[in-house]
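Pasting input_37.txt here (compact mmCIF, C-alpha atoms):
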# COMPACT_ATOMS: atom_id res chain seq x y z
CA MET A 25 107.91 104.75 127.30
CA ARG A 26 105.02 107.16 127.20
CA GLY A 27 102.69 106.22 124.36
CA PHE A 28 102.06 108.45 121.39
CA ARG A 29 100.08 111.62 121.81
CA ARG A 30 98.91 114.04 119.19
CA SER A 31 100.44 117.48 119.13
CA ARG A 32 99.00 119.61 116.35
CA HIS A 33 100.06 117.81 113.18
CA GLN A 34 102.62 115.59 114.79
CA PHE A 35 102.63 112.54 116.99
CA VAL A 36 104.87 112.61 120.00
CA ALA A 37 106.18 109.81 122.19
CA VAL A 38 108.96 109.44 124.71
CA PHE A 39 111.40 106.55 124.34
CA ASP A 40 114.19 105.59 126.66
CA PRO A 41 117.46 104.60 124.93
CA ALA A 42 116.98 100.85 125.33
CA GLU A 43 113.47 101.02 123.88
CA ALA A 44 114.50 103.20 120.97
CA GLY A 45 117.56 101.03 120.34
CA THR A 46 115.57 97.82 120.37
CA LEU A 47 112.81 99.10 118.08
CA SER A 48 115.43 100.52 115.77
CA MET A 49 117.22 97.17 115.68
CA LEU A 50 114.01 95.27 114.94
CA ALA A 51 113.06 97.66 112.15
CA SER A 52 116.52 97.33 110.67
CA GLN A 53 116.35 93.54 110.79
CA LEU A 54 112.95 93.64 109.12
CA SER A 55 114.36 95.77 106.34
CA ASP A 56 117.26 93.33 105.89
CA LEU A 57 114.92 90.36 105.88
CA ILE A 58 112.76 91.89 103.17
CA GLU A 59 115.64 93.03 101.01
CA ASN A 60 117.40 89.68 101.17
CA ARG A 61 114.32 87.61 100.43
CA GLU A 62 114.55 84.92 97.80
CA SER A 63 111.97 84.42 95.06
CA GLU A 64 111.33 80.80 96.03
CA ASP A 65 111.12 81.56 99.70
CA ASP A 66 109.38 79.41 102.24
CA ASP A 67 110.09 81.72 105.15
CA PRO A 68 106.81 81.90 107.09
CA ALA A 69 107.52 85.56 107.90
CA MET A 70 107.86 86.52 104.23
CA SER A 71 104.77 84.47 103.37
CA ARG A 72 102.82 86.54 105.82
CA LEU A 73 104.29 89.86 104.70
CA LEU A 74 103.62 89.09 101.03
CA PRO A 75 100.66 86.70 101.10
CA ASP A 76 98.90 85.01 98.21
CA ALA A 77 96.09 86.99 96.64
CA TYR A 78 94.35 83.94 95.17
CA PRO A 79 94.47 81.14 97.73
CA ASP A 80 92.96 78.57 95.36
CA ASP A 81 94.76 79.58 92.20
CA ALA A 82 98.52 79.17 92.28
CA GLU A 83 98.98 80.56 88.79
CA ALA A 84 96.95 83.72 89.41
CA SER A 85 98.77 84.19 92.71
CA ALA A 86 102.14 83.86 90.99
CA GLU A 87 101.07 86.39 88.37
CA PHE A 88 99.88 88.83 91.01
CA ARG A 89 103.12 88.32 92.92
CA ARG A 90 105.20 88.96 89.80
CA PHE A 91 103.56 92.31 89.36
CA THR A 92 103.28 93.52 92.91
CA ALA A 93 105.78 91.84 95.24
CA ASP A 94 108.82 93.96 94.43
CA ASP A 95 107.03 97.28 94.89
CA LEU A 96 105.29 96.09 98.03
CA ALA A 97 108.58 94.85 99.45
CA SER A 98 110.44 98.04 98.71
CA ARG A 99 107.68 100.11 100.37
CA LYS A 100 107.82 97.89 103.44
CA SER A 101 111.57 98.18 103.59
CA ALA A 102 111.39 101.97 103.25
CA ASN A 103 108.82 102.16 106.06
CA ALA A 104 111.14 100.19 108.32
CA ARG A 105 114.08 102.43 107.48
CA ARG A 106 111.90 105.41 108.37
CA ILE A 107 111.50 104.08 111.92
CA VAL A 108 115.26 103.62 112.18
CA ALA A 109 115.88 107.18 111.00
CA ASP A 110 113.28 108.67 113.35
CA LEU A 111 114.82 106.84 116.31
CA ALA A 112 118.48 107.50 115.53
CA ILE A 113 118.91 110.20 118.15
CA ALA A 114 116.75 108.58 120.83
CA SER A 115 118.71 105.31 120.44
CA VAL A 116 121.97 106.88 121.47
CA ALA A 117 120.73 109.44 123.94
CA THR A 118 121.76 109.21 127.58
CA SER A 119 118.20 109.50 128.84
CA ALA A 120 114.59 109.28 127.64
CA THR A 121 114.01 111.34 124.52
CA VAL A 122 111.00 112.89 122.86
CA VAL A 123 110.42 111.45 119.41
CA LYS A 124 108.24 113.39 117.01
CA VAL A 125 106.66 111.68 114.06
CA ASP A 126 104.88 113.74 111.42
CA ALA A 127 101.69 112.67 109.65
CA GLN A 128 103.48 111.10 106.73
CA ALA A 129 105.98 109.27 108.92
CA ALA A 130 103.09 108.04 111.08
CA GLN A 131 101.78 106.15 108.06
CA ALA A 132 105.16 104.46 107.71
CA TRP A 133 105.33 103.68 111.44
CA LEU A 134 101.88 102.10 111.53
CA ARG A 135 102.60 99.84 108.60
CA SER A 136 106.05 98.87 109.77
CA LEU A 137 105.04 98.22 113.38
CA THR A 138 102.51 95.75 111.98
CA ASP A 139 105.13 94.15 109.77
CA ILE A 140 107.52 93.78 112.72
CA ARG A 141 104.79 92.18 114.85
CA LEU A 142 103.83 89.87 112.00
CA THR A 143 107.45 88.78 111.72
CA ILE A 144 107.84 88.19 115.45
CA ALA A 145 104.60 86.20 115.46
CA ALA A 146 105.90 84.09 112.58
CA ARG A 147 109.12 83.43 114.48
CA LEU A 148 107.18 82.47 117.59
CA GLY A 149 104.83 80.28 115.59
CA ILE A 150 101.69 82.21 116.46
CA GLU A 151 99.15 81.25 113.83
CA GLU A 152 95.74 81.32 115.45
CA ASP A 153 94.07 83.74 117.82
CA ASP A 154 94.82 81.76 120.96
CA ASP A 155 98.24 80.43 120.06
CA LEU A 156 100.81 81.02 122.75
CA GLY A 157 103.76 80.41 120.48
CA ALA A 158 107.27 79.40 121.50
CA GLU A 159 108.40 80.15 125.02
CA ASP A 160 110.52 83.22 124.60
CA PRO A 161 109.71 85.80 127.25
CA VAL A 162 111.93 88.48 125.69
CA LEU A 163 110.31 88.22 122.30
CA HIS A 164 106.83 87.97 123.78
CA ASP A 165 107.42 91.10 125.82
CA LEU A 166 108.60 92.92 122.72
CA TYR A 167 105.58 91.70 120.78
CA ASP A 168 103.22 93.02 123.46
CA TRP A 169 105.11 96.27 123.86
CA LEU A 170 105.02 96.90 120.10
CA GLY A 171 101.28 96.31 120.24
CA PHE A 172 101.08 99.04 122.85
CA VAL A 173 103.20 101.43 120.75
CA GLN A 174 101.12 100.81 117.64
CA GLY A 175 97.83 100.96 119.53
CA SER A 176 98.72 104.34 121.00
CA LEU A 177 99.57 105.71 117.56
CA VAL A 178 96.29 104.42 116.07
CA ASP A 179 94.39 106.04 118.95
CA CYS A 180 95.98 109.39 118.04
CA LEU A 181 94.87 109.04 114.45
CA ASP A 182 91.38 108.10 115.51
CA ARG A 183 90.68 111.50 116.96
CA MET B 65 154.20 88.77 115.20
CA LEU B 66 151.36 90.17 117.20
CA SER B 67 150.28 87.65 119.76
CA LEU B 68 148.03 88.20 122.72
CA ASN B 69 146.54 85.39 124.74
CA ALA B 70 142.86 85.29 125.61
CA GLU B 71 143.30 87.06 128.91
CA GLU B 72 145.41 89.89 127.48
CA PHE B 73 142.99 90.28 124.60
CA GLU B 74 140.03 90.47 126.93
CA LYS B 75 141.72 93.20 128.91
CA LEU B 76 142.39 95.15 125.73
CA VAL B 77 138.72 94.91 124.74
CA VAL B 78 137.56 96.03 128.18
CA ASP B 79 139.95 99.00 127.97
CA GLN B 80 138.55 99.95 124.56
CA LEU B 81 135.00 99.64 125.89
CA ASP B 82 135.83 102.01 128.72
CA LEU B 83 137.10 104.54 126.19
CA LEU B 84 133.82 104.62 124.27
CA PRO B 85 131.67 107.71 124.72
CA ASP B 86 128.78 107.40 127.19
CA GLU B 87 126.24 108.11 124.50
CA MET B 88 127.27 104.99 122.67
CA VAL B 89 127.20 102.70 125.66
CA LYS B 90 123.94 103.84 127.21
CA GLY B 91 121.10 101.61 126.12
CA LEU B 92 123.38 98.60 126.06
CA GLU B 93 122.67 97.53 129.63
CA ASN B 94 121.27 94.21 128.42
CA ILE B 95 124.27 93.37 126.28
CA VAL B 96 127.19 91.23 127.34
CA PHE B 97 130.55 91.74 125.62
CA VAL B 98 132.54 88.53 125.21
CA THR B 99 135.72 87.49 123.46
CA GLU B 100 136.36 84.23 121.67
CA ASP B 101 139.28 82.82 119.76
CA ARG B 102 137.54 82.27 116.42
CA PRO B 103 134.01 82.18 115.03
CA GLU B 104 132.06 78.91 114.68
CA ASP B 105 133.28 78.25 111.17
CA GLY B 106 136.92 78.52 112.27
CA SER B 107 137.67 81.24 109.75
CA LEU B 108 139.64 84.41 110.27
CA ASN B 109 137.19 86.52 108.28
CA LEU B 110 134.82 87.59 110.99
CA LEU B 111 136.08 90.20 113.43
CA GLY B 112 132.96 90.64 115.53
CA LEU B 113 129.37 89.52 115.86
CA TYR B 114 126.19 90.63 117.54
CA VAL B 115 124.11 87.72 118.80
CA GLY B 116 120.65 88.29 120.08
CA ILE B 117 117.22 88.87 118.72
CA ASP B 118 117.51 88.40 115.01
CA LEU B 119 114.32 88.44 113.02
CA THR B 120 116.23 87.52 109.87
CA ARG B 121 117.02 84.17 111.43
CA ARG B 122 114.47 81.40 111.16
CA GLY B 123 114.51 78.25 113.22
CA ASN B 124 114.43 77.56 116.91
CA TYR B 125 113.03 80.40 118.86
CA GLY B 126 112.56 80.04 122.54
CA PHE B 127 115.93 80.72 124.05
CA GLY B 128 115.26 84.25 125.14
CA GLU B 129 116.97 83.55 128.44
CA LEU B 130 120.34 84.31 126.90
CA PRO B 131 121.24 87.97 127.09
CA ASP B 132 122.22 89.64 123.86
CA ARG B 133 125.93 89.35 123.17
CA ILE B 134 128.54 91.17 121.16
CA ILE B 135 131.44 88.82 120.48
CA LEU B 136 134.92 89.93 119.46
CA TYR B 137 137.15 87.34 117.85
CA ARG B 138 140.76 87.41 119.01
CA GLU B 139 142.60 85.59 116.23
CA PRO B 140 140.91 87.31 113.28
CA LEU B 141 141.50 90.71 114.89
CA MET B 142 145.16 89.92 115.47
CA ALA B 143 145.46 88.70 111.90
CA VAL B 144 144.45 92.10 110.53
CA SER B 145 146.64 94.11 112.88
CA ALA B 146 150.33 94.73 112.29
CA ASP B 147 150.96 95.98 115.81
CA LEU B 148 149.33 96.70 119.14
CA ALA B 149 148.26 100.20 118.17
CA GLU B 150 146.50 98.87 115.12
CA LEU B 151 144.86 96.10 117.12
CA LYS B 152 143.41 98.65 119.54
CA GLU B 153 142.09 100.63 116.58
CA GLN B 154 140.58 97.50 114.98
CA VAL B 155 138.95 96.53 118.26
CA HIS B 156 137.56 100.03 118.62
CA VAL B 157 136.17 100.04 115.08
CA THR B 158 134.66 96.58 115.49
CA LEU B 159 133.00 97.52 118.79
CA VAL B 160 131.50 100.65 117.27
CA HIS B 161 130.38 98.69 114.24
CA GLU B 162 128.65 95.98 116.25
CA ILE B 163 127.06 98.47 118.63
CA GLY B 164 125.85 100.44 115.63
CA HIS B 165 124.53 97.21 114.19
CA PHE B 166 122.62 96.54 117.38
CA PHE B 167 120.96 99.93 117.06
CA GLY B 168 120.13 99.21 113.44
CA LEU B 169 122.22 102.09 112.12
CA ASP B 170 123.81 101.82 108.71
CA ASP B 171 127.18 103.19 107.64
CA ASP B 172 125.80 106.59 106.63
CA GLU B 173 123.98 107.01 109.90
CA LEU B 174 127.05 105.91 111.88
CA HIS B 175 129.12 108.46 109.99
CA HIS B 176 126.51 111.17 110.58
CA LEU B 177 126.69 110.51 114.29
CA GLY B 178 130.47 110.79 114.14
CA TRP B 179 130.91 107.17 115.08
CA GLY B 180 132.83 105.95 112.08
CA MET C 94 70.93 81.07 83.93
CA SER C 95 74.67 80.48 83.71
CA ASP C 96 74.13 77.33 81.62
CA VAL C 97 72.27 79.29 78.99
CA LEU C 98 74.94 81.93 78.88
CA GLU C 99 77.72 79.39 78.51
CA GLN C 100 75.90 77.64 75.70
CA THR C 101 75.44 80.79 73.78
CA GLY C 102 79.07 81.72 74.35
CA LEU C 103 78.06 85.08 75.68
CA VAL C 104 79.78 84.69 79.01
CA GLU C 105 82.95 86.51 78.05
CA SER C 106 81.41 89.43 76.27
CA THR C 107 78.38 90.20 78.37
CA VAL C 108 79.92 89.59 81.73
CA LEU C 109 83.14 91.50 81.18
CA ASP C 110 83.76 92.47 84.74
CA SER C 111 81.72 89.93 86.65
CA PRO C 112 81.76 91.09 90.19
CA TRP C 113 84.72 90.19 92.29
CA VAL C 114 85.14 90.72 96.00
CA THR C 115 88.00 91.60 98.30
CA VAL C 116 88.02 89.53 101.45
CA VAL C 117 89.96 90.41 104.58
CA TRP C 118 90.85 87.47 106.81
CA ASN C 119 91.33 87.31 110.55
CA ASP C 120 94.84 86.98 111.89
CA PRO C 121 96.07 86.74 115.48
CA VAL C 122 98.42 89.69 115.16
CA ASN C 123 96.53 92.72 113.98
CA LEU C 124 95.01 95.02 116.54
CA MET C 125 91.29 95.61 116.31
CA ASN C 126 91.61 99.37 116.43
CA TYR C 127 94.23 99.21 113.66
CA VAL C 128 92.00 97.13 111.39
CA SER C 129 89.07 99.52 111.99
CA TRP C 130 91.31 102.45 111.20
CA VAL C 131 92.52 100.82 107.95
CA PHE C 132 88.93 100.22 106.85
CA ARG C 133 88.01 103.83 107.63
CA SER C 134 91.01 105.53 106.14
CA TYR C 135 91.42 103.38 103.05
CA PHE C 136 87.85 102.42 102.14
CA GLY C 137 86.22 105.49 103.61
CA PHE C 138 83.76 103.53 105.73
CA SER C 139 82.06 105.36 108.57
CA LYS C 140 83.36 104.58 112.02
CA ALA C 141 80.35 102.37 112.71
CA GLU C 142 80.63 100.49 109.42
CA ALA C 143 84.37 99.96 109.80
CA GLU C 144 83.82 98.65 113.30
CA LEU C 145 81.13 96.23 112.06
CA ARG C 146 83.33 94.83 109.32
CA MET C 147 86.28 94.53 111.68
CA LEU C 148 84.16 92.60 114.17
CA LYS C 149 82.94 90.37 111.37
CA VAL C 150 86.55 89.58 110.45
CA HIS C 151 87.26 88.92 114.09
CA HIS C 152 84.23 86.67 114.80
CA ASP C 153 83.58 85.02 111.44
CA GLY C 154 87.20 84.76 110.39
CA ARG C 155 86.63 86.86 107.26
CA ALA C 156 84.62 89.69 105.80
CA VAL C 157 83.99 91.12 102.35
CA VAL C 158 85.18 94.71 102.25
CA ALA C 159 84.71 95.65 98.61
CA THR C 160 83.15 94.50 95.35
CA GLY C 161 83.91 95.45 91.78
CA SER C 162 86.12 94.48 88.89
CA ARG C 163 88.96 92.06 89.23
CA GLU C 164 91.47 94.83 88.67
CA GLU C 165 89.98 97.03 91.36
CA MET C 166 89.96 94.12 93.79
CA GLU C 167 93.59 93.34 93.05
CA ARG C 168 94.47 96.95 93.90
CA HIS C 169 92.58 96.66 97.17
CA VAL C 170 94.32 93.40 98.03
CA GLU C 171 97.68 94.98 97.37
CA ALA C 172 96.73 97.94 99.57
CA MET C 173 95.64 95.62 102.37
CA HIS C 174 98.97 93.78 102.18
CA ASP C 175 100.66 97.15 102.34
CA PHE C 176 98.90 97.70 105.68
CA GLY C 177 99.88 94.22 106.84
CA LEU C 178 96.38 92.81 106.67
CA TRP C 179 95.75 89.50 104.99
CA ALA C 180 93.40 89.84 102.04
CA THR C 181 92.45 87.79 99.02
CA LEU C 182 90.12 88.24 96.09
CA ALA C 183 87.53 85.89 94.62
CA LYS C 184 84.60 85.87 92.26
CA ALA C 185 81.52 87.19 94.02
CA ASP C 186 79.65 83.96 93.77
CA GLU C 187 82.40 81.74 95.14
Will you turn the file into structure tokens for me?
Amino acid sequence: MRGFRRSRHQFVAVFDPAEAGTLSMLASQLSDLIENRESEDDDPAMSRLLPDAYPDDAEASAEFRRFTADDLASRKSANARRIVADLAIASVATSATVVKVDAQAAQAWLRSLTDIRLTIAARLGIEEDDDLGAEDPVLHDLYDWLGFVQGSLVDCLDR
Amino acid sequence: MLSLNAEEFEKLVVDQLDLLPDEMVKGLENIVFVTEDRPEDGSLNLLGLYVGIDLTRRGNYGFGELPDRIILYREPLMAVSADLAELKEQVHVTLVHEIGHFFGLDDDELHHLGWG
Amino acid sequence: MSDVLEQTGLVESTVLDSPWVTVVWNDPVNLMNYVSWVFRSYFGFSKAEAELRMLKVHHDGRAVVATGSREEMERHVEAMHDFGLWATLAKADE
């Protein structure tokens, strides 16, 4: 793909169908994961998406979670669905397609790209800076590629 | 009673795949379509399944060597089809559904695209 | 000083909103330019300040990004989680 570039008030990238389809699939899976989470969940991905606010105070953390987790989760899910919607046409195109993301959608993309990478990292078991994680070349490639996509979008916003 | 063997069923699925519009099939180069008799649990409830990267699934990661697969289950599909025409339709619908699932599209989006 | 306050029972009333801090922790996933951008756009830090704090997170493992009341810090933590950063809050003197 060609990374994001700024064009007036929009951010523009070019995705080929496989890229758009894959990102769309990942975003959709993230949304499903979040919406189907259980309250007593020990999924390392969910723990990282909705972390404890008080690491040394289980009660305060539980209280904080009671008040914030549902809203946070529904925002994360909505952000992921935004990526799916923005990529719907590019996913089924016959050749590379220009995808335009407006300023508001860019906020959703940035947050959701992070969430997807956090989830992949959790699945690969990447916990520390130098962890290599499980040997899964496909997933690692995706993880790196998503870093590129997100990085290019952040660069646009930095200008 | 509708009864196709594995080979006949596979041919039917391949035929249905060939009939799908290009726009739907492009972007699926890394997917393998396979047929099986029944799903793992032996039930007749599941008509089709996409197997590949699945972030909702915890557990053993590290078998990225397997290409993504869309599986169609012969016996469940026959069980919901009164005749050959209906079986072809069910196979078509299931293919579209699983492909849509791969792209992360929900029912509304599939409908909007005219896919079902 | 704290002993005196506790004895006189004034802790609760005089130190209503004892300062709390929001701490952002390092994680292996988040991109450095993303973290800098979050600090700039959400906290309003200058580019230089945001960069400094981001590097502190990266090298020291954590950095304080805000101080204030417990409620304010909880809002910041929630916002950080919204961005996918890992943040916690604690009393300023902890």
>> With distances taken over only C-alpha atoms, which residue among A:Glu159, A:Asp179, A:Glu64, A:Asp56 lies nearest Ala86 of chain A?
In response: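 Checking each candidate against Ala86 of chain A, we get A:Glu64 as the closest.
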>> Could you list, as a list in words, every residue within 6 Å of Ile135 of chain B, counting all atoms listed in the file and ignoring same-chain residues fewer than 5 positions away?
In response: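 The neighbour list is Phe97, Val98, Thr99, Gly112 and Leu113 of chain B.
Of the listed residues (A:Ser85, A:Ala109, A:Thr46, A:Cys180), A:Ser85 comes nearest to Glu167 of chain C; the distances count only C-alpha atoms.
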> chain A residues within 6 Å of chain B, counting only C-alpha atoms: which ones, as a ChimeraX atom specification?
Replying inline: /A:41-42,45,48-49,52-53,57,116-118,158-160,162
File dump, residues just selected, C-alpha atoms, as a CSV table (one decimal), in the frame of the given file:
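Written output follows (selection_11.csv):
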chain,number,residue,atom,x,y,z
A,41,PRO,CA,117.5,104.6,124.9
A,42,ALA,CA,117.0,100.8,125.3
A,45,GLY,CA,117.6,101.0,120.3
A,48,SER,CA,115.4,100.5,115.8
A,49,MET,CA,117.2,97.2,115.7
A,52,SER,CA,116.5,97.3,110.7
A,53,GLN,CA,116.4,93.5,110.8
A,57,LEU,CA,114.9,90.4,105.9
A,116,VAL,CA,122.0,106.9,121.5
A,117,ALA,CA,120.7,109.4,123.9
A,118,THR,CA,121.8,109.2,127.6
A,158,ALA,CA,107.3,79.4,121.5
A,159,GLU,CA,108.4,80.2,125.0
A,160,ASP,CA,110.5,83.2,124.6
A,162,VAL,CA,111.9,88.5,125.7
> Could you list, as an MDAnalysis selection string, every residue of chain C that has an atom within 10 Å of an atom of chain A, counting all atoms listed in the file?
Replying inline: chainID C and resid 115:116 119:131 133:134 140 151 166:168 170:172 174:183
>> Please compute the atom CA of Arg32 of chain A-atom CA of Ala127 of chain A distance, one decimal, in Å.
In response: 10.0 Å
>> Between atom CA of His175 of chain B and atom CA of Ala104 of chain A, what is the distance in Å, rounded to a tenth?
In response: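 A separation of 19.9 Å between them.
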> In Å, with one decimal, what is the gap from atom CA of Leu111 of chain A to atom CA of Lys124 of chain A?
Replying inline: 9.3 Å
> Which neighbours of Arg102 of chain B fall inside 6 Å, counting all atoms listed in the file, when residues of the same chain fewer than 2 positions from it are skipped, and could you give them as a PyMOL selection string?
Replying inline: chain B and resi 100+106+137
>> With all atoms listed in the file as the counted atoms, please give the residues lying no more than 9 Å from Glu142 of chain C, apart from itself and same-chain residues fewer than 3 positions off, as a ChimeraX atom specification.
In response: /C:129,132-133,138-139,145-147
Could you extract segment 73-132 of chain B of the given structure into a file holding C-alpha atoms, as a PDB file, in the first residue's frame?
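File produced: part_24.pdb:
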ATOM      1  CA  PHE B  73     -19.942 -32.171  -3.780  1.00  0.00           C
ATOM      2  CA  GLU B  74     -16.505 -30.725  -4.357  1.00  0.00           C
ATOM      3  CA  LYS B  75     -17.273 -30.268  -8.027  1.00  0.00           C
ATOM      4  CA  LEU B  76     -20.508 -28.487  -7.168  1.00  0.00           C
ATOM      5  CA  VAL B  77     -18.650 -26.106  -4.847  1.00  0.00           C
ATOM      6  CA  VAL B  78     -16.000 -25.381  -7.475  1.00  0.00           C
ATOM      7  CA  ASP B  79     -18.764 -24.654 -10.006  1.00  0.00           C
ATOM      8  CA  GLN B  80     -20.427 -22.238  -7.567  1.00  0.00           C
ATOM      9  CA  LEU B  81     -17.090 -20.551  -6.909  1.00  0.00           C
ATOM     10  CA  ASP B  82     -16.596 -20.007 -10.625  1.00  0.00           C
ATOM     11  CA  LEU B  83     -19.997 -18.337 -10.805  1.00  0.00           C
ATOM     12  CA  LEU B  84     -19.128 -15.750  -8.167  1.00  0.00           C
ATOM     13  CA  PRO B  85     -18.487 -12.220  -9.418  1.00  0.00           C
ATOM     14  CA  ASP B  86     -14.834 -11.220  -9.834  1.00  0.00           C
ATOM     15  CA  GLU B  87     -15.177  -8.436  -7.310  1.00  0.00           C
ATOM     16  CA  MET B  88     -15.975 -10.945  -4.618  1.00  0.00           C
ATOM     17  CA  VAL B  89     -13.143 -13.307  -5.392  1.00  0.00           C
ATOM     18  CA  LYS B  90     -10.360 -10.781  -5.843  1.00  0.00           C
ATOM     19  CA  GLY B  91      -8.417 -10.367  -2.636  1.00  0.00           C
ATOM     20  CA  LEU B  92      -8.905 -14.009  -1.771  1.00  0.00           C
ATOM     21  CA  GLU B  93      -5.702 -15.211  -3.394  1.00  0.00           C
ATOM     22  CA  ASN B  94      -4.405 -16.473  -0.055  1.00  0.00           C
ATOM     23  CA  ILE B  95      -7.512 -18.472   0.751  1.00  0.00           C
ATOM     24  CA  VAL B  96      -7.995 -22.147   0.055  1.00  0.00           C
ATOM     25  CA  PHE B  97     -11.535 -23.486  -0.361  1.00  0.00           C
ATOM     26  CA  VAL B  98     -11.994 -26.998   0.984  1.00  0.00           C
ATOM     27  CA  THR B  99     -14.889 -29.353   1.557  1.00  0.00           C
ATOM     28  CA  GLU B 100     -15.356 -31.719   4.454  1.00  0.00           C
ATOM     29  CA  ASP B 101     -18.058 -34.138   5.460  1.00  0.00           C
ATOM     30  CA  ARG B 102     -18.920 -32.642   8.843  1.00  0.00           C
ATOM     31  CA  PRO B 103     -17.466 -30.131  11.302  1.00  0.00           C
ATOM     32  CA  GLU B 104     -15.252 -31.224  14.223  1.00  0.00           C
ATOM     33  CA  ASP B 105     -18.157 -31.626  16.609  1.00  0.00           C
ATOM     34  CA  GLY B 106     -19.935 -33.995  14.215  1.00  0.00           C
ATOM     35  CA  SER B 107     -23.059 -31.863  14.124  1.00  0.00           C
ATOM     36  CA  LEU B 108     -25.130 -30.904  11.129  1.00  0.00           C
ATOM     37  CA  ASN B 109     -25.565 -27.318  12.309  1.00  0.00           C
ATOM     38  CA  LEU B 110     -22.580 -25.685  10.713  1.00  0.00           C
ATOM     39  CA  LEU B 111     -22.717 -25.154   6.964  1.00  0.00           C
ATOM     40  CA  GLY B 112     -19.415 -23.370   6.471  1.00  0.00           C
ATOM     41  CA  LEU B 113     -16.428 -21.998   8.329  1.00  0.00           C
ATOM     42  CA  TYR B 114     -13.600 -19.578   7.771  1.00  0.00           C
ATOM     43  CA  VAL B 115     -10.365 -20.709   9.389  1.00  0.00           C
ATOM     44  CA  GLY B 116      -7.426 -18.412   9.539  1.00  0.00           C
ATOM     45  CA  ILE B 117      -6.257 -15.490  11.547  1.00  0.00           C
ATOM     46  CA  ASP B 118      -8.734 -15.122  14.331  1.00  0.00           C
ATOM     47  CA  LEU B 119      -7.950 -12.595  17.007  1.00  0.00           C
ATOM     48  CA  THR B 120     -10.975 -13.714  19.006  1.00  0.00           C
ATOM     49  CA  ARG B 121      -9.288 -17.055  19.530  1.00  0.00           C
ATOM     50  CA  ARG B 122      -6.799 -17.413  22.340  1.00  0.00           C
ATOM     51  CA  GLY B 123      -4.363 -20.253  22.688  1.00  0.00           C
ATOM     52  CA  ASN B 124      -1.627 -21.609  20.495  1.00  0.00           C
ATOM     53  CA  TYR B 125      -0.407 -19.104  18.033  1.00  0.00           C
ATOM     54  CA  GLY B 126       2.466 -19.970  15.815  1.00  0.00           C
ATOM     55  CA  PHE B 127       0.987 -21.958  12.998  1.00  0.00           C
ATOM     56  CA  GLY B 128       0.912 -19.208  10.449  1.00  0.00           C
ATOM     57  CA  GLU B 129       2.208 -21.603   7.818  1.00  0.00           C
ATOM     58  CA  LEU B 130      -1.310 -22.801   7.125  1.00  0.00           C
ATOM     59  CA  PRO B 131      -3.069 -20.718   4.515  1.00  0.00           C
ATOM     60  CA  ASP B 132      -6.443 -19.333   5.441  1.00  0.00           C
TER      61      ASP B 132
END
